[in-house]
Amino acid sequence: MASNTLFDRCHVNTNIENDVFVGIQKKDDYYEVDFPLGYHLSSDEKGLRKDILSLLNVLSRYIDKRQSELYDGLKNEDSSGIPIQAYLFLIKDFFERGYYRERETLYKVSKKGKINWRKTIKTQKPVMQGHEAFYLNFVVKKNTINEDELITLVHKYCVYESFEKFGWLFTSFVPNKPKTGLTVKMMLTVVNNKLQNTFKDQNKQLFKNMLAVLKQLHDDAQMEFKYGTYRFEYVWEKMIDKVFGISEKVDYFPKTTWNIWGNKKHDNAFLEPDSIMLHDGKVYVLDAKYYKYGWSGAPRHLPESTSINKQITYGEYIAKAERFVSGGSHPVVYNAFIMPYDSNGKMFPTNTPIYYIGTATSDWKYGTEKYENVVGILMDVKYLMGIDSRLDESQIMALAALIEEKCSV
């Protein structure tokens, strides 16, 4: 039975068994929106629509393009090439401008038709007979009535497809499905031809988004509609890195080499931390863990020994290597795990975006160095998704201050 309200459509994952997909998927005759573990849904419909658009905005940046950084690490079924932004653009453009109608005057060179003398004189070479000039070809207004009707019809089809898939985000209205009599391949040809002959940027943008929708329909005509990912942990890592990390983190990667007998060398792949945050001359090694502890409160859902020891190795390398010495001093290095949670949820109702839950240590170290104590931080998912589009120094300062405060050394 189809869900009737926007609230019925929305679901927050538990990450138990197969409850891991994040995004939008069609179930029977309605669409379901699946939010990541730890997301707090708004209590009113207006806020819920903002929640959904925020989710789509995050997903579009990380999984929309098949050549994206994330896609290389995922199986084909783990992400989607559906052009979500194109669908949303067509809906927004329709609300603002309605259906596309040809308003550009197009011209062609011909021997007959309504002559544009200014363009003819400017572009065509006359034939001289005595003192008089004669034009054999003229620039005339192009008769594109049939073509104009076609592009409007195709636009109506693209608008219908957009509303059918995502219009419920904004309104219950769905336009009638037009009978085009055209295949998707034919509609692609119509829009491509129009794109090549238009000079207005706004129309170019419209046609490009129409092409994106039509290409998706052409490529995936038999596929079940699903937009999102089964591996949101990669998105979590990328959001943490984008908001808090530096782009030059490769400089902080420890490297290993095999010195093989016979004067041969083999360089291994770098050991790569998720994010390196710098603040006030200090280094913070951040490991984004999309774990369930913030939802369950169960210690078994915390990072395990291999992750803890790896963080200590990262910290020790940065703290001891001569390459990081500045002003005669080695840097102060901190370690932290960043895990998701709902700050307004039942398990940790703290109402604070970042929250300290404990410190991890290892018995092969004495814990006398700051980096030997890995601070556990819960970060509100909705908070992170809200700041993902910008780099705010105050967010870095707040995270740095909490890590320093809770480090036991």
# chains A, B, ... in the order shown; residues from 1 in each chain; ligands from 1

$ closest_atom_pairs --of "segment 178-268 of chain A" --to "segment 379-382 of chain A" --cutoff "12 Å" --atoms "only C-alpha atoms" --output "CSV"
residue,atom,partner,partner_atom,distance
A:Phe232,CA,A:Val381,CA,11.7
A:Glu233,CA,A:Val381,CA,12.0
A:Val235,CA,A:Val381,CA,11.4
A:Trp236,CA,A:Val381,CA,8.8
A:Glu237,CA,A:Val381,CA,12.0
A:Met239,CA,A:Val381,CA,10.1
A:Ile240,CA,A:Met379,CA,9.8

$ select_by_dssp --residues "segment 101-342 of chain A" --states "strand (DSSP E or B)" --output "tab-separated table (two decimals) with N, CA and C atoms, in the first residue's frame"
chain	number	residue	atom	x	y	z
A	107	TYR	N	17.83	32.36	-38.21
A	107	TYR	CA	17.98	32.79	-39.60
A	107	TYR	C	18.76	31.76	-40.39
A	108	LYS	N	18.57	31.80	-41.73
A	108	LYS	CA	19.32	30.96	-42.64
A	108	LYS	C	19.56	31.72	-43.93
A	109	VAL	N	20.51	31.23	-44.71
A	109	VAL	CA	20.80	31.84	-46.02
A	109	VAL	C	19.94	31.13	-47.07
A	110	SER	N	19.15	31.90	-47.81
A	110	SER	CA	18.25	31.31	-48.80
A	110	SER	C	17.95	32.33	-49.90
A	115	ILE	N	13.28	38.67	-45.77
A	115	ILE	CA	14.69	39.09	-45.77
A	115	ILE	C	15.00	40.00	-44.59
A	127	VAL	N	26.74	40.99	-55.92
A	127	VAL	CA	27.26	40.98	-57.30
A	127	VAL	C	27.06	42.39	-57.87
A	128	MET	N	28.12	42.99	-58.43
A	128	MET	CA	28.05	44.36	-58.94
A	128	MET	C	27.76	44.35	-60.43
A	129	GLN	N	26.80	45.15	-60.84
A	129	GLN	CA	26.49	45.40	-62.24
A	129	GLN	C	26.42	46.90	-62.44
A	132	GLU	N	25.25	49.32	-59.57
A	132	GLU	CA	24.23	48.72	-58.70
A	132	GLU	C	24.71	47.38	-58.15
A	133	ALA	N	24.29	47.11	-56.92
A	133	ALA	CA	24.65	45.85	-56.24
A	133	ALA	C	23.42	44.94	-56.18
A	134	PHE	N	23.63	43.67	-56.52
A	134	PHE	CA	22.55	42.69	-56.48
A	134	PHE	C	22.96	41.51	-55.58
A	138	PHE	N	20.09	35.65	-49.65
A	138	PHE	CA	19.66	36.56	-48.59
A	138	PHE	C	19.67	35.83	-47.25
A	139	VAL	N	19.78	36.61	-46.18
A	139	VAL	CA	19.59	36.06	-44.83
A	139	VAL	C	18.12	36.25	-44.50
A	140	VAL	N	17.41	35.12	-44.34
A	140	VAL	CA	15.97	35.17	-44.12
A	140	VAL	C	15.62	34.49	-42.80
A	141	LYS	N	14.47	34.84	-42.28
A	141	LYS	CA	13.99	34.22	-41.06
A	141	LYS	C	13.66	32.75	-41.33
A	226	LYS	N	16.57	3.71	-8.56
A	226	LYS	CA	17.21	3.76	-7.25
A	226	LYS	C	18.36	4.74	-7.34
A	227	TYR	N	18.35	5.74	-6.45
A	227	TYR	CA	19.40	6.76	-6.44
A	227	TYR	C	20.03	6.81	-5.06
A	228	GLY	N	21.29	6.43	-4.96
A	228	GLY	CA	21.94	6.45	-3.66
A	228	GLY	C	23.11	5.49	-3.60
A	229	THR	N	23.44	5.03	-2.40
A	229	THR	CA	24.60	4.16	-2.24
A	229	THR	C	24.39	3.21	-1.07
A	257	THR	N	59.17	0.48	2.63
A	257	THR	CA	59.94	-0.02	1.49
A	257	THR	C	60.53	-1.38	1.82
A	258	TRP	N	60.49	-2.27	0.85
A	258	TRP	CA	61.20	-3.54	0.94
A	258	TRP	C	62.58	-3.36	0.31
A	259	ASN	N	63.62	-3.68	1.11
A	259	ASN	CA	64.99	-3.72	0.58
A	259	ASN	C	65.34	-5.18	0.34
A	260	ILE	N	65.16	-5.59	-0.87
A	260	ILE	CA	65.29	-7.00	-1.23
A	260	ILE	C	66.75	-7.34	-1.48
A	264	LYS	N	67.87	-4.64	-4.54
A	264	LYS	CA	66.59	-4.28	-5.16
A	264	LYS	C	65.68	-3.64	-4.11
A	265	LYS	N	64.85	-2.73	-4.57
A	265	LYS	CA	63.92	-2.04	-3.68
A	265	LYS	C	62.50	-2.14	-4.22
A	266	HIS	N	61.56	-2.23	-3.30
A	266	HIS	CA	60.15	-2.21	-3.70
A	266	HIS	C	59.39	-1.31	-2.73
A	267	ASP	N	58.83	-0.21	-3.24
A	267	ASP	CA	58.05	0.71	-2.41
A	267	ASP	C	56.61	0.22	-2.29
A	275	SER	N	41.91	11.82	7.30
A	275	SER	CA	42.00	13.28	7.23
A	275	SER	C	43.11	13.78	8.13
A	276	ILE	N	43.74	14.86	7.68
A	276	ILE	CA	44.71	15.59	8.50
A	276	ILE	C	44.17	16.99	8.71
A	277	MET	N	43.94	17.35	9.97
A	277	MET	CA	43.46	18.69	10.30
A	277	MET	C	44.59	19.47	10.97
A	278	LEU	N	44.78	20.70	10.55
A	278	LEU	CA	45.80	21.56	11.14
A	278	LEU	C	45.13	22.75	11.82
A	279	HIS	N	45.61	23.07	13.03
A	279	HIS	CA	45.08	24.24	13.74
A	279	HIS	C	46.10	24.72	14.76
A	282	LYS	N	49.26	22.79	15.40
A	282	LYS	CA	49.12	21.40	15.86
A	282	LYS	C	48.52	20.55	14.74
A	283	VAL	N	48.79	19.24	14.84
A	283	VAL	CA	48.31	18.30	13.83
A	283	VAL	C	47.29	17.36	14.48
A	284	TYR	N	46.16	17.16	13.79
A	284	TYR	CA	45.11	16.27	14.28
A	284	TYR	C	44.86	15.21	13.21
A	285	VAL	N	45.11	13.96	13.57
A	285	VAL	CA	44.89	12.85	12.63
A	285	VAL	C	43.48	12.32	12.90
A	286	LEU	N	42.58	12.47	11.92
A	286	LEU	CA	41.18	12.11	12.09
A	286	LEU	C	40.85	10.84	11.29
A	287	ASP	N	40.22	9.91	11.94
A	287	ASP	CA	39.77	8.69	11.27
A	287	ASP	C	38.24	8.66	11.33
A	288	ALA	N	37.59	8.84	10.19
A	288	ALA	CA	36.13	8.85	10.11
A	288	ALA	C	35.61	7.42	10.13
A	326	SER	N	59.67	22.06	12.89
A	326	SER	CA	59.53	23.47	12.52
A	326	SER	C	59.99	24.33	13.69
A	329	SER	N	61.39	22.43	16.70
A	329	SER	CA	60.51	21.61	17.53
A	329	SER	C	59.67	20.66	16.68
A	333	VAL	N	50.90	16.33	18.18
A	333	VAL	CA	49.99	15.54	17.35
A	333	VAL	C	48.90	14.90	18.21
A	334	TYR	N	47.66	15.03	17.75
A	334	TYR	CA	46.51	14.43	18.40
A	334	TYR	C	45.86	13.41	17.47
A	335	ASN	N	45.18	12.43	18.05
A	335	ASN	CA	44.46	11.41	17.30
A	335	ASN	C	42.99	11.39	17.70
A	336	ALA	N	42.12	11.16	16.72
A	336	ALA	CA	40.68	11.09	17.05
A	336	ALA	C	39.92	10.23	16.06
A	337	PHE	N	38.93	9.50	16.58
A	337	PHE	CA	37.94	8.81	15.76
A	337	PHE	C	36.70	9.71	15.70
A	338	ILE	N	36.11	9.85	14.50
A	338	ILE	CA	34.89	10.64	14.33
A	338	ILE	C	33.77	9.69	13.89
A	339	MET	N	32.76	9.51	14.74
A	339	MET	CA	31.67	8.57	14.46
A	339	MET	C	30.32	9.31	14.43
A	340	PRO	N	29.35	8.80	13.69
A	340	PRO	CA	28.05	9.49	13.55
A	340	PRO	C	27.12	9.26	14.74
A	341	TYR	N	26.27	10.28	14.99
A	341	TYR	CA	25.20	10.09	15.97
A	341	TYR	C	24.13	11.15	15.79

$ closest_residue --among "A:Thr198, A:Gln205, A:Ala86, A:Lys119" --to "Cys158 of chain A" --atoms "only C-alpha atoms"
A:Ala86

$ atom_distance --atom1 "atom CA of Gly38 of chain A" --atom2 "atom CA of Asn13 of chain A"
7.8 Å

$ atom_distance --atom1 "atom CA of Ser296 of chain A" --atom2 "atom CA of Gly358 of chain A"
15.2 Å

$ residues_around --residues "Tyr39 of chain A" --least-positions-apart "4" --cutoff "12 Å" --atoms "only C-alpha atoms" --output "number ranges by chain"
A: 10-14, 22, 34-35, 48, 51-52, 54-55, 294-295, 340-345, 353, 379-386

$ atom_distance --atom1 "atom CA of Glu316 of chain A" --atom2 "atom CA of Glu369 of chain A"
8.8 Å

$ residues_around --residues "Leu56 of chain A" --least-positions-apart "4" --cutoff "8 Å" --atoms "only C-alpha atoms" --output "list in words"
Gly23, Ile52, Ser60 and Ile84 of chain A

$ write_last_selection --atoms "N, CA, C and O atoms" --output "PDB file, in the first residue's frame"
ATOM      1  N   GLY A  23      19.544   6.938   0.274  1.00  0.00           N
ATOM      2  CA  GLY A  23      19.124   7.595  -0.964  1.00  0.00           C
ATOM      3  C   GLY A  23      17.632   7.461  -1.180  1.00  0.00           C
ATOM      4  O   GLY A  23      16.852   7.380  -0.227  1.00  0.00           O
ATOM      5  N   ILE A  52      15.426  16.241   3.002  1.00  0.00           N
ATOM      6  CA  ILE A  52      15.556  15.418   1.796  1.00  0.00           C
ATOM      7  C   ILE A  52      16.454  16.105   0.771  1.00  0.00           C
ATOM      8  O   ILE A  52      17.333  15.475   0.168  1.00  0.00           O
ATOM      9  N   SER A  60      24.577  13.880  -4.445  1.00  0.00           N
ATOM     10  CA  SER A  60      24.892  14.294  -5.816  1.00  0.00           C
ATOM     11  C   SER A  60      26.358  14.664  -5.965  1.00  0.00           C
ATOM     12  O   SER A  60      26.944  14.494  -7.033  1.00  0.00           O
ATOM     13  N   ILE A  84      20.396  13.440 -10.704  1.00  0.00           N
ATOM     14  CA  ILE A  84      19.419  14.006  -9.781  1.00  0.00           C
ATOM     15  C   ILE A  84      19.287  15.515  -9.947  1.00  0.00           C
ATOM     16  O   ILE A  84      18.189  16.065  -9.926  1.00  0.00           O
TER      17      ILE A  84
END

$ decode --residues "segment 117-128 of chain A" --atoms "N, CA, C and O atoms" --output "short mmCIF file (atom, residue, chain, number, x, y, z; two decimals), in the first residue's frame"
data_model
loop_
_atom_site.label_atom_id
_atom_site.label_comp_id
_atom_site.auth_asym_id
_atom_site.auth_seq_id
_atom_site.Cartn_x
_atom_site.Cartn_y
_atom_site.Cartn_z
N TRP A 117 17.58 42.60 -44.07
CA TRP A 117 18.55 43.32 -44.89
C TRP A 117 19.83 43.65 -44.12
O TRP A 117 20.93 43.64 -44.69
N ARG A 118 19.70 43.93 -42.83
CA ARG A 118 20.90 44.27 -42.06
C ARG A 118 21.88 43.09 -42.03
O ARG A 118 23.08 43.25 -42.25
N LYS A 119 21.36 41.90 -41.76
CA LYS A 119 22.21 40.72 -41.71
C LYS A 119 22.70 40.33 -43.11
O LYS A 119 23.82 39.86 -43.28
N THR A 120 21.83 40.54 -44.12
CA THR A 120 22.23 40.22 -45.49
C THR A 120 23.39 41.10 -45.93
O THR A 120 24.41 40.60 -46.47
N ILE A 121 23.29 42.40 -45.73
CA ILE A 121 24.35 43.34 -46.13
C ILE A 121 25.64 43.05 -45.37
O ILE A 121 26.74 43.15 -45.93
N LYS A 122 25.49 42.64 -44.12
CA LYS A 122 26.66 42.43 -43.27
C LYS A 122 27.39 41.13 -43.60
O LYS A 122 28.62 41.04 -43.48
N THR A 123 26.67 40.10 -44.04
CA THR A 123 27.27 38.78 -44.19
C THR A 123 27.37 38.27 -45.64
O THR A 123 28.16 37.37 -45.91
N GLN A 124 26.60 38.83 -46.57
CA GLN A 124 26.58 38.30 -47.93
C GLN A 124 27.31 39.23 -48.91
O GLN A 124 27.20 40.46 -48.81
N LYS A 125 28.03 38.65 -49.82
CA LYS A 125 28.78 39.43 -50.81
C LYS A 125 27.90 39.69 -52.03
O LYS A 125 27.40 38.75 -52.67
N PRO A 126 27.69 40.98 -52.40
CA PRO A 126 26.81 41.29 -53.54
C PRO A 126 27.54 41.11 -54.88
O PRO A 126 28.77 41.08 -54.95
N VAL A 127 26.74 40.99 -55.92
CA VAL A 127 27.26 40.98 -57.30
C VAL A 127 27.06 42.39 -57.87
O VAL A 127 25.96 42.94 -57.82
N MET A 128 28.12 42.99 -58.43
CA MET A 128 28.05 44.36 -58.94
C MET A 128 27.76 44.35 -60.43
O MET A 128 28.38 43.63 -61.20
#
